[in-house]
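A.B. asks: Here you go, protein.cif (mmCIF, C-alpha atoms and all ligand atoms):
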data_my_file
loop_
_atom_site.group_PDB
_atom_site.id
_atom_site.type_symbol
_atom_site.label_atom_id
_atom_site.label_comp_id
_atom_site.auth_asym_id
_atom_site.auth_seq_id
_atom_site.Cartn_x
_atom_site.Cartn_y
_atom_site.Cartn_z
ATOM 1 C CA MET A 1 54.475 81.532 85.237
ATOM 2 C CA ARG A 2 54.656 82.043 81.484
ATOM 3 C CA SER A 3 56.904 84.729 80.048
ATOM 4 C CA GLU A 4 55.493 87.765 78.270
ATOM 5 C CA TYR A 5 56.917 86.384 75.040
ATOM 6 C CA GLU A 6 55.038 83.097 75.512
ATOM 7 C CA ILE A 7 51.791 85.026 76.031
ATOM 8 C CA LYS A 8 52.439 87.080 72.876
ATOM 9 C CA LYS A 9 52.949 83.824 70.969
ATOM 10 C CA GLU A 10 49.645 82.500 72.331
ATOM 11 C CA ILE A 11 47.848 85.691 71.220
ATOM 12 C CA CYS A 12 49.230 85.111 67.702
ATOM 13 C CA GLU A 13 48.089 81.477 67.812
ATOM 14 C CA ILE A 14 44.553 82.449 68.843
ATOM 15 C CA GLY A 15 44.608 85.183 66.150
ATOM 16 C CA LYS A 16 45.354 82.469 63.574
ATOM 17 C CA ARG A 17 42.538 80.338 64.897
ATOM 18 C CA ILE A 18 39.871 83.068 64.753
ATOM 19 C CA TYR A 19 41.057 83.987 61.244
ATOM 20 C CA ASN A 20 41.279 80.409 59.951
ATOM 21 C CA ARG A 21 37.846 79.586 61.356
ATOM 22 C CA GLY A 22 36.331 82.544 59.508
ATOM 23 C CA MET A 23 35.465 84.339 62.748
ATOM 24 C CA VAL A 24 37.105 87.481 61.364
ATOM 25 C CA ALA A 25 37.626 88.794 57.843
ATOM 26 C CA SER A 26 40.512 90.904 56.651
ATOM 27 C CA ASN A 27 41.846 93.021 59.556
ATOM 28 C CA ASP A 28 38.846 92.506 61.849
ATOM 29 C CA GLY A 29 38.792 91.423 65.482
ATOM 30 C CA ASN A 30 41.064 92.046 68.445
ATOM 31 C CA ILE A 31 42.487 90.165 71.418
ATOM 32 C CA SER A 32 43.923 91.276 74.754
ATOM 33 C CA VAL A 33 45.455 89.653 77.829
ATOM 34 C CA LYS A 34 45.939 91.102 81.318
ATOM 35 C CA LEU A 35 49.502 90.722 82.660
ATOM 36 C CA ASN A 36 48.901 92.549 85.941
ATOM 37 C CA ASP A 37 46.728 95.417 87.214
ATOM 38 C CA ASN A 38 48.491 97.991 85.029
ATOM 39 C CA GLU A 39 49.905 96.078 82.065
ATOM 40 C CA PHE A 40 47.880 94.551 79.257
ATOM 41 C CA LEU A 41 48.951 93.043 75.942
ATOM 42 C CA CYS A 42 46.762 93.676 72.893
ATOM 43 C CA THR A 43 46.682 93.111 69.168
ATOM 44 C CA PRO A 44 47.604 96.091 66.978
ATOM 45 C CA THR A 45 45.025 97.984 64.949
ATOM 46 C CA GLY A 46 44.595 97.421 61.250
ATOM 47 C CA VAL A 47 46.414 94.139 60.728
ATOM 48 C CA SER A 48 45.098 90.686 59.920
ATOM 49 C CA LYS A 49 44.984 88.784 63.178
ATOM 50 C CA GLY A 50 45.735 85.622 61.203
ATOM 51 C CA PHE A 51 49.258 86.669 60.285
ATOM 52 C CA MET A 52 50.731 88.196 63.449
ATOM 53 C CA THR A 53 54.108 87.453 65.029
ATOM 54 C CA PRO A 54 55.011 88.339 68.660
ATOM 55 C CA GLU A 55 56.631 91.656 67.610
ATOM 56 C CA TYR A 56 53.193 92.906 66.504
ATOM 57 C CA ILE A 57 51.747 92.785 70.015
ATOM 58 C CA CYS A 58 51.405 96.110 71.877
ATOM 59 C CA LYS A 59 51.311 96.850 75.599
ATOM 60 C CA VAL A 60 48.947 99.349 77.256
ATOM 61 C CA ASP A 61 48.184 100.519 80.788
ATOM 62 C CA ARG A 62 44.840 100.164 82.599
ATOM 63 C CA ASP A 63 43.472 103.237 80.780
ATOM 64 C CA GLY A 64 44.489 101.922 77.384
ATOM 65 C CA ASN A 65 47.459 104.293 77.054
ATOM 66 C CA LEU A 66 50.378 102.974 75.043
ATOM 67 C CA LEU A 67 53.252 101.528 77.096
ATOM 68 C CA GLN A 68 55.155 99.712 74.389
ATOM 69 C CA ALA A 69 54.836 99.036 70.652
ATOM 70 C CA ASN A 70 57.256 98.111 67.898
ATOM 71 C CA GLY A 71 57.615 100.225 64.760
ATOM 72 C CA LYS A 72 54.347 101.519 63.384
ATOM 73 C CA PHE A 73 52.111 99.154 65.381
ATOM 74 C CA ARG A 74 49.514 100.846 67.588
ATOM 75 C CA PRO A 75 46.939 99.311 69.966
ATOM 76 C CA SER A 76 43.557 98.111 68.689
ATOM 77 C CA SER A 77 41.023 100.832 67.946
ATOM 78 C CA GLU A 78 38.675 98.919 70.295
ATOM 79 C CA ILE A 79 41.021 99.043 73.286
ATOM 80 C CA LYS A 80 38.472 101.089 75.300
ATOM 81 C CA MET A 81 36.000 98.212 75.057
ATOM 82 C CA HIS A 82 38.613 95.752 76.323
ATOM 83 C CA MET A 83 39.685 98.017 79.184
ATOM 84 C CA ARG A 84 36.080 98.485 80.325
ATOM 85 C CA VAL A 85 35.721 94.721 80.652
ATOM 86 C CA TYR A 86 38.890 94.472 82.784
ATOM 87 C CA LYS A 87 37.816 97.443 84.896
ATOM 88 C CA GLU A 88 34.370 96.098 85.675
ATOM 89 C CA ARG A 89 35.283 92.405 85.827
ATOM 90 C CA PRO A 90 38.445 91.943 87.925
ATOM 91 C CA ASP A 91 38.190 88.164 87.390
ATOM 92 C CA VAL A 92 38.750 88.544 83.633
ATOM 93 C CA VAL A 93 42.239 87.830 82.244
ATOM 94 C CA SER A 94 41.501 87.890 78.520
ATOM 95 C CA VAL A 95 39.050 89.505 76.067
ATOM 96 C CA VAL A 96 38.361 88.329 72.503
ATOM 97 C CA HIS A 97 36.349 90.343 69.984
ATOM 98 C CA ALA A 98 35.405 88.809 66.625
ATOM 99 C CA HIS A 99 32.781 88.922 63.888
ATOM 100 C CA PRO A 100 31.766 85.254 63.600
ATOM 101 C CA MET A 101 29.319 84.907 60.740
ATOM 102 C CA TYR A 102 26.283 83.350 62.425
ATOM 103 C CA ALA A 103 26.568 85.174 65.745
ATOM 104 C CA THR A 104 27.022 88.457 63.889
ATOM 105 C CA ALA A 105 23.994 87.685 61.694
ATOM 106 C CA PHE A 106 21.918 87.345 64.891
ATOM 107 C CA ALA A 107 23.419 90.626 66.149
ATOM 108 C CA ILE A 108 22.416 92.289 62.874
ATOM 109 C CA ALA A 109 18.922 90.797 62.896
ATOM 110 C CA GLY A 110 18.490 91.956 66.509
ATOM 111 C CA ILE A 111 17.775 88.432 67.792
ATOM 112 C CA PRO A 112 19.549 87.552 71.064
ATOM 113 C CA LEU A 113 20.654 83.946 71.630
ATOM 114 C CA THR A 114 18.086 83.050 74.235
ATOM 115 C CA GLN A 115 16.625 79.701 73.219
ATOM 116 C CA PRO A 116 17.882 76.725 75.242
ATOM 117 C CA ILE A 117 18.622 74.230 72.482
ATOM 118 C CA MET A 118 21.656 72.216 73.537
ATOM 119 C CA PRO A 119 23.225 71.264 76.877
ATOM 120 C CA GLU A 120 26.732 72.614 76.237
ATOM 121 C CA ALA A 121 25.499 76.085 75.320
ATOM 122 C CA VAL A 122 23.210 76.209 78.358
ATOM 123 C CA ILE A 123 26.031 75.144 80.678
ATOM 124 C CA ALA A 124 28.788 77.302 79.170
ATOM 125 C CA LEU A 125 26.867 80.427 78.232
ATOM 126 C CA GLY A 126 23.257 80.534 79.337
ATOM 127 C CA CYS A 127 21.685 83.183 77.142
ATOM 128 C CA VAL A 128 23.684 85.711 75.144
ATOM 129 C CA PRO A 129 22.132 89.195 74.996
ATOM 130 C CA ILE A 130 22.704 91.953 72.453
ATOM 131 C CA ALA A 131 24.411 95.138 73.656
ATOM 132 C CA GLU A 132 22.918 98.197 71.957
ATOM 133 C CA TYR A 133 24.705 99.562 68.904
ATOM 134 C CA GLY A 134 27.669 101.859 69.420
ATOM 135 C CA THR A 135 30.135 103.490 67.047
ATOM 136 C CA PRO A 136 33.345 101.431 66.959
ATOM 137 C CA SER A 137 36.352 102.928 68.786
ATOM 138 C CA THR A 138 34.219 105.362 70.844
ATOM 139 C CA GLU A 139 33.000 105.055 74.447
ATOM 140 C CA GLU A 140 29.595 104.068 73.053
ATOM 141 C CA ILE A 141 30.430 100.360 72.829
ATOM 142 C CA PRO A 142 31.994 100.122 76.328
ATOM 143 C CA ASP A 143 28.955 101.980 77.696
ATOM 144 C CA ALA A 144 26.546 99.626 75.922
ATOM 145 C CA VAL A 145 28.408 96.508 77.028
ATOM 146 C CA SER A 146 28.837 97.661 80.614
ATOM 147 C CA LYS A 147 25.361 96.780 81.854
ATOM 148 C CA TYR A 148 25.735 93.165 80.733
ATOM 149 C CA LEU A 149 29.174 92.541 82.202
ATOM 150 C CA GLN A 150 28.010 91.487 85.657
ATOM 151 C CA HIS A 151 25.585 88.917 84.285
ATOM 152 C CA TYR A 152 27.150 87.340 81.201
ATOM 153 C CA ASP A 153 30.507 86.123 79.868
ATOM 154 C CA ALA A 154 29.614 86.743 76.233
ATOM 155 C CA VAL A 155 27.518 89.382 74.484
ATOM 156 C CA LEU A 156 26.582 90.149 70.925
ATOM 157 C CA LEU A 157 27.286 93.697 69.741
ATOM 158 C CA GLU A 158 24.342 95.038 67.766
ATOM 159 C CA ASN A 159 25.066 95.258 64.004
ATOM 160 C CA HIS A 160 28.707 94.503 64.744
ATOM 161 C CA GLY A 161 29.918 91.189 66.188
ATOM 162 C CA ALA A 162 30.555 89.359 69.439
ATOM 163 C CA LEU A 163 32.593 89.802 72.608
ATOM 164 C CA ALA A 164 33.767 87.030 74.945
ATOM 165 C CA TYR A 165 35.938 87.224 78.068
ATOM 166 C CA SER A 166 37.216 84.800 80.655
ATOM 167 C CA ASP A 167 39.941 83.930 83.136
ATOM 168 C CA SER A 168 42.388 82.803 80.431
ATOM 169 C CA LEU A 169 42.974 83.500 76.758
ATOM 170 C CA LEU A 170 42.114 79.939 75.769
ATOM 171 C CA SER A 171 38.895 80.054 77.750
ATOM 172 C CA ALA A 172 37.865 83.427 76.233
ATOM 173 C CA TYR A 173 38.521 81.987 72.776
ATOM 174 C CA HIS A 174 36.510 78.867 73.622
ATOM 175 C CA LYS A 175 33.603 81.055 74.718
ATOM 176 C CA MET A 176 33.724 82.785 71.339
ATOM 177 C CA GLU A 177 33.701 79.386 69.618
ATOM 178 C CA SER A 178 30.740 78.310 71.771
ATOM 179 C CA VAL A 179 28.785 81.470 70.918
ATOM 180 C CA GLU A 180 29.328 80.892 67.206
ATOM 181 C CA PHE A 181 28.469 77.192 67.369
ATOM 182 C CA TYR A 182 25.303 77.980 69.338
ATOM 183 C CA ALA A 183 24.316 80.664 66.807
ATOM 184 C CA GLN A 184 24.985 78.336 63.896
ATOM 185 C CA LEU A 185 22.893 75.534 65.380
ATOM 186 C CA LEU A 186 20.081 77.943 66.206
ATOM 187 C CA PHE A 187 20.124 79.316 62.664
ATOM 188 C CA LEU A 188 20.134 75.849 61.060
ATOM 189 C CA SER A 189 17.431 74.464 63.317
ATOM 190 C CA LYS A 190 15.240 77.450 62.426
ATOM 191 C CA GLN A 191 15.633 76.424 58.754
ATOM 192 C CA LEU A 192 14.536 72.894 59.671
ATOM 193 C CA GLY A 193 11.229 74.042 61.068
ATOM 194 C CA GLY A 194 12.335 75.487 64.387
ATOM 195 C CA PRO A 195 14.320 74.105 67.315
ATOM 196 C CA LYS A 196 12.744 71.871 69.907
ATOM 197 C CA GLU A 197 13.750 73.732 73.052
ATOM 198 C CA LEU A 198 14.939 72.043 76.222
ATOM 199 C CA SER A 199 12.281 72.112 78.906
ATOM 200 C CA ASP A 200 12.537 74.284 82.019
ATOM 201 C CA SER A 201 13.380 71.245 84.140
ATOM 202 C CA GLN A 202 16.075 70.134 81.684
ATOM 203 C CA VAL A 203 17.566 73.643 81.787
ATOM 204 C CA GLN A 204 17.467 73.609 85.585
ATOM 205 C CA ARG A 205 19.351 70.312 85.710
ATOM 206 C CA LEU A 206 22.030 71.734 83.423
ATOM 207 C CA TYR A 207 22.370 74.801 85.633
ATOM 208 C CA GLU A 208 22.777 72.491 88.611
ATOM 209 C CA ILE A 209 25.563 70.629 86.798
ATOM 210 C CA ARG A 210 27.243 73.960 86.059
ATOM 211 C CA ARG A 211 27.163 74.834 89.757
ATOM 212 C CA GLN A 212 28.528 71.408 90.719
ATOM 213 C CA PHE A 213 31.419 71.825 88.274
ATOM 214 C CA GLY A 214 32.229 75.115 90.021
ATOM 215 C CA MET A 215 32.727 76.791 86.667
ATOM 216 C CA THR A 216 34.314 80.245 86.803
ATOM 217 C CA GLY A 217 32.841 83.464 85.449
ATOM 218 C CA LYS A 218 29.347 84.886 85.535
ATOM 219 C CA HIS A 219 26.412 82.964 84.208
ATOM 220 C CA PRO A 220 22.779 84.044 84.090
ATOM 221 C CA ALA A 221 21.893 80.963 86.101
ATOM 222 C CA ASP A 222 23.884 82.208 89.069
ATOM 223 C CA LEU A 223 22.013 85.476 89.103
ATOM 224 C CA CYS A 224 18.489 84.611 88.191
ATOM 225 C CA GLN A 225 16.142 85.510 91.017
ATOM 226 C CA ARG A 226 13.501 83.292 89.480
ATOM 227 C CA ALA A 227 15.889 80.339 89.564
ATOM 228 C CA LYS A 228 16.783 81.122 93.159
ATOM 229 C CA ASP A 229 13.078 81.119 93.938
ATOM 230 C CA GLY A 230 12.786 77.685 92.372
ATOM 231 C CA GLN A 231 10.991 78.956 89.274
ATOM 232 C CA SER A 232 11.939 78.429 85.673
ATOM 233 C CA SER A 233 14.865 80.320 84.270
ATOM 234 C CA CYS A 234 16.788 81.712 82.490
ATOM 235 C CA HIS A 235 16.480 81.771 78.748
ATOM 236 C CA ALA A 236 14.281 84.683 77.766
ATOM 237 C CA CYS A 237 12.717 84.709 81.214
ATOM 238 C CA GLY A 238 14.178 88.037 82.286
ATOM 239 C CA CYS A 239 16.617 86.562 84.728
ATOM 240 C CA GLN A 240 17.796 89.935 85.984
ATOM 241 C CA SER A 241 14.258 91.097 86.615
ATOM 242 C CA SER A 242 14.760 91.615 90.310
ATOM 243 C CA GLN A 243 17.841 93.729 89.712
ATOM 244 C CA SER A 244 16.870 96.607 87.472
ATOM 245 C CA GLY A 245 14.064 98.114 85.489
ATOM 246 C CA GLU A 246 16.332 98.204 82.488
ATOM 247 C CA ALA A 247 16.793 94.467 82.653
ATOM 248 C CA ASP A 248 13.007 94.174 82.893
ATOM 249 C CA SER A 249 12.616 95.924 79.581
ATOM 250 C CA ASN A 250 15.356 93.791 78.006
ATOM 251 C CA ALA A 251 13.509 90.695 79.121
ATOM 252 C CA LEU A 252 10.269 92.097 77.753
ATOM 253 C CA ILE A 253 11.939 92.833 74.414
ATOM 254 C CA ALA A 254 13.384 89.314 74.324
ATOM 255 C CA GLU A 255 9.946 87.853 75.088
ATOM 256 C CA ILE A 256 8.222 89.986 72.431
ATOM 257 C CA THR A 257 10.945 89.072 69.898
ATOM 258 C CA LYS A 258 10.369 85.421 70.695
ATOM 259 C CA LYS A 259 6.588 85.739 70.236
ATOM 260 C CA VAL A 260 6.971 87.654 66.944
ATOM 261 C CA ILE A 261 9.387 85.020 65.634
ATOM 262 C CA GLU A 262 6.923 82.310 66.618
ATOM 263 C CA GLN A 263 4.028 84.099 64.956
ATOM 264 C CA LEU A 264 6.028 84.647 61.771
ATOM 265 C CA GLY A 265 6.700 80.933 61.745
ATOM 266 C CA LEU A 266 10.445 81.518 61.857
ATOM 267 C CA LYS A 267 10.893 79.351 64.914
HETATM 268 P P1 LIG A 301 41.328 96.879 65.176
HETATM 269 O O1 LIG A 301 42.137 96.321 64.023
HETATM 270 O O2 LIG A 301 41.590 98.336 65.401
HETATM 271 O O3 LIG A 301 41.514 96.057 66.415
HETATM 272 O O4 LIG A 301 39.787 96.831 64.775
HETATM 273 C C1 LIG A 301 39.223 95.681 64.231
HETATM 274 C C2 LIG A 301 37.761 95.578 64.513
HETATM 275 O O5 LIG A 301 37.211 94.512 64.354
HETATM 276 C C3 LIG A 301 36.993 96.743 64.994
HETATM 277 O O6 LIG A 301 35.732 96.336 65.431
#
Once you've parsed the file, please lay out its structure as structure tokens.
C.D. replies:
Amino acid sequence: MRSEYEIKKEICEIGKRIYNRGMVASNDGNISVKLNDNEFLCTPTGVSKGFMTPEYICKVDRDGNLLQANGKFRPSSEIKMHMRVYKERPDVVSVVHAHPMYATAFAIAGIPLTQPIMPEAVIALGCVPIAEYGTPSTEEIPDAVSKYLQHYDAVLLENHGALAYSDSLLSAYHKMESVEFYAQLLFLSKQLGGPKELSDSQVQRLYEIRRQFGMTGKHPADLCQRAKDGQSSCHACGCQSSQSGEADSNALIAEITKKVIEQLGLK
């Protein structure tokens, strides 16, 4: 098992990567790692995540209360969002929040990442919804994110950024990279006249491969009632439709957004 110090060093390394890849500007973004049920490491508030050393990293309990911090460092202002993910997803070991340019542009435009355009994104992510806008640092963002946690491993935050979580820090970071790459490709292909989407049967085959790989985490494909019934899923189909009326309306919104984009010739 890795020492706490090793994990702090890895948080700093991932902080450098999100900063150097332009996924955060200035002091933006935050990262956390679960050590055990009541101890979590997190980045401090108000520092550039590209220039951290292990002494910067803070420790909080399961409610986000400070357990340990050096000097003037204090836990991320978004710690409530991180703790909600750990509370509602016991399988999650790490949470990464960033403002990657293309994914955040989609979050600002109100366009969820729902078009199946490349195999890797379909396998790793499925579709990526947008959690409704909330004021940073309040319970509004955790509340908005909560309803997506059981169905997705990455969400966009409306007018804000992106959130990814997984069973290791590296994997949570990779999910963030995948979200941004997917968003970038979707944006560029829209400029080139609109993406040619994968067909339903191609998507189904990719979902099957995902199941065969036994990949961890939640994925819309594992939850889609339509897919279970042998119908097409999941991108923009309303994959949670059998589970809640709220999901129904999200699916409807996604479908209407898709139609409007098509009619405006943006797709
Ligand atoms: P912190 O520096 O407090 O973690 O906040 C950065 C951020 O991106 C808020 O959304």
A.B. asks: Could you tell me how far atom CA of A:Ala124 sits from atom CA of A:Arg210, in Å to one decimal place?
C.D. replies: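 These atoms are spaced 7.8 Å apart.
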A.B. asks: Put the listed atoms of stretch 153-168 of chain A in a box along x, y and z with 4 Å added on every side and give me the centre and edge lengths in Å to one decimal, as AutoDock Vina command-line options.
C.D. replies:
--center_x 33.4 --center_y 89.0 --center_z 73.6 --size_x 26.0 --size_y 20.5 --size_z 27.1
A.B. asks: Any idea what the distance is between atom CA of A:Arg74 and atom O2 of ligand LIG 301 (chain A)?
C.D. replies: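 For atom CA of A:Arg74 relative to atom O2 of ligand LIG 301 (chain A), the distance reads 8.6 Å.
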A.B. asks: Under the PyMOL selection byres (((not hetatm)) within 10 of (chain A and resi 301)), which residues of this model are included? Write them out as a ChimeraX atom specification.
C.D. replies: /A:24-32,42-49,74-79,81,97-99,135-137,141,157,160-162
A.B. asks: I need the residues from that last selection saved to file as an mmCIF file, in the coordinates of the input (with C-alpha atoms), if you can.
C.D. replies:
data_model
loop_
_atom_site.group_PDB
_atom_site.id
_atom_site.type_symbol
_atom_site.label_atom_id
_atom_site.label_comp_id
_atom_site.auth_asym_id
_atom_site.auth_seq_id
_atom_site.Cartn_x
_atom_site.Cartn_y
_atom_site.Cartn_z
ATOM 1 C CA VAL A 24 37.105 87.481 61.364
ATOM 2 C CA ALA A 25 37.626 88.794 57.843
ATOM 3 C CA SER A 26 40.512 90.904 56.651
ATOM 4 C CA ASN A 27 41.846 93.021 59.556
ATOM 5 C CA ASP A 28 38.846 92.506 61.849
ATOM 6 C CA GLY A 29 38.792 91.423 65.482
ATOM 7 C CA ASN A 30 41.064 92.046 68.445
ATOM 8 C CA ILE A 31 42.487 90.165 71.418
ATOM 9 C CA SER A 32 43.923 91.276 74.754
ATOM 10 C CA CYS A 42 46.762 93.676 72.893
ATOM 11 C CA THR A 43 46.682 93.111 69.168
ATOM 12 C CA PRO A 44 47.604 96.091 66.978
ATOM 13 C CA THR A 45 45.025 97.984 64.949
ATOM 14 C CA GLY A 46 44.595 97.421 61.250
ATOM 15 C CA VAL A 47 46.414 94.139 60.728
ATOM 16 C CA SER A 48 45.098 90.686 59.920
ATOM 17 C CA LYS A 49 44.984 88.784 63.178
ATOM 18 C CA ARG A 74 49.514 100.846 67.588
ATOM 19 C CA PRO A 75 46.939 99.311 69.966
ATOM 20 C CA SER A 76 43.557 98.111 68.689
ATOM 21 C CA SER A 77 41.023 100.832 67.946
ATOM 22 C CA GLU A 78 38.675 98.919 70.295
ATOM 23 C CA ILE A 79 41.021 99.043 73.286
ATOM 24 C CA MET A 81 36.000 98.212 75.057
ATOM 25 C CA HIS A 97 36.349 90.343 69.984
ATOM 26 C CA ALA A 98 35.405 88.809 66.625
ATOM 27 C CA HIS A 99 32.781 88.922 63.888
ATOM 28 C CA THR A 135 30.135 103.490 67.047
ATOM 29 C CA PRO A 136 33.345 101.431 66.959
ATOM 30 C CA SER A 137 36.352 102.928 68.786
ATOM 31 C CA ILE A 141 30.430 100.360 72.829
ATOM 32 C CA LEU A 157 27.286 93.697 69.741
ATOM 33 C CA HIS A 160 28.707 94.503 64.744
ATOM 34 C CA GLY A 161 29.918 91.189 66.188
ATOM 35 C CA ALA A 162 30.555 89.359 69.439
#
A.B. asks: Report the distance between atom CA of A:Ile108 and atom CA of A:Glu197 in Å, rounded to one decimal place.
C.D. replies: 22.9 Å
A.B. asks: Check the smallest atom-to-atom distance from each of A:Ala131, A:Ile14, A:Cys58, A:Leu125 to A:Glu180 using all atoms listed in the file, then report the winner.
C.D. replies: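 Residue with the minimum atom-to-atom distance to A:Glu180: A:Leu125.
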A.B. asks: Which is closer to A:Gly265 than all the others in A:Pro195, A:Gly22, A:Pro90, A:Gly214, using all atoms listed in the file?
C.D. replies: A:Pro195
A.B. asks: Return the single residue from A:Ile117, A:Leu169, A:Glu139, A:Thr216 that is closest to A:Asp200, with distances computed using only C-alpha atoms.
C.D. replies: A:Ile117
A.B. asks: Which of these, A:Arg211, A:Tyr56, A:Glu120, A:Ala107, has the shortest distance to A:Gly71 once you count all atoms listed in the file?
C.D. replies: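 Of A:Arg211, A:Tyr56, A:Glu120, A:Ala107, the one nearest A:Gly71 is A:Tyr56, counting all atoms listed in the file.
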A.B. asks: Using only C-alpha atoms, can you tell me which of A:Pro116, A:Pro220, A:Pro142, A:Gly15 comes closest to A:Val203?
C.D. replies: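 For A:Val203, the nearest of the given residues is A:Pro116.
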A.B. asks: List the neighbours of A:Lys175 out to 8 Å using only C-alpha atoms; skip same-chain residues closer than 3 positions along the sequence, and give me the result as a CSV table (one decimal) with C-alpha atoms, keeping the file's coordinate frame.
C.D. replies:
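The result, stored in part27.csv:
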chain,number,residue,atom,x,y,z
A,124,ALA,CA,28.8,77.3,79.2
A,125,LEU,CA,26.9,80.4,78.2
A,153,ASP,CA,30.5,86.1,79.9
A,154,ALA,CA,29.6,86.7,76.2
A,164,ALA,CA,33.8,87.0,74.9
A,165,TYR,CA,35.9,87.2,78.1
A,166,SER,CA,37.2,84.8,80.7
A,171,SER,CA,38.9,80.1,77.8
A,172,ALA,CA,37.9,83.4,76.2
A,178,SER,CA,30.7,78.3,71.8
A,179,VAL,CA,28.8,81.5,70.9
A.B. asks: Taking the file as shown, find all residues satisfying the PyMOL selection byres (((chain A and resi 83) around 10) and not hetatm) and write them as a ChimeraX atom specification.
C.D. replies: /A:32,34,40,60-64,78-82,84-89,95,142
A.B. asks: Just the selected residues (C-alpha atoms), exported as a short mmCIF file (atom, residue, chain, number, x, y, z; two decimals), keeping the file's coordinate frame, please.
C.D. replies:
data_model
loop_
_atom_site.label_atom_id
_atom_site.label_comp_id
_atom_site.auth_asym_id
_atom_site.auth_seq_id
_atom_site.Cartn_x
_atom_site.Cartn_y
_atom_site.Cartn_z
CA SER A 32 43.92 91.28 74.75
CA LYS A 34 45.94 91.10 81.32
CA PHE A 40 47.88 94.55 79.26
CA VAL A 60 48.95 99.35 77.26
CA ASP A 61 48.18 100.52 80.79
CA ARG A 62 44.84 100.16 82.60
CA ASP A 63 43.47 103.24 80.78
CA GLY A 64 44.49 101.92 77.38
CA GLU A 78 38.67 98.92 70.30
CA ILE A 79 41.02 99.04 73.29
CA LYS A 80 38.47 101.09 75.30
CA MET A 81 36.00 98.21 75.06
CA HIS A 82 38.61 95.75 76.32
CA ARG A 84 36.08 98.48 80.32
CA VAL A 85 35.72 94.72 80.65
CA TYR A 86 38.89 94.47 82.78
CA LYS A 87 37.82 97.44 84.90
CA GLU A 88 34.37 96.10 85.68
CA ARG A 89 35.28 92.40 85.83
CA VAL A 95 39.05 89.50 76.07
CA PRO A 142 31.99 100.12 76.33
#
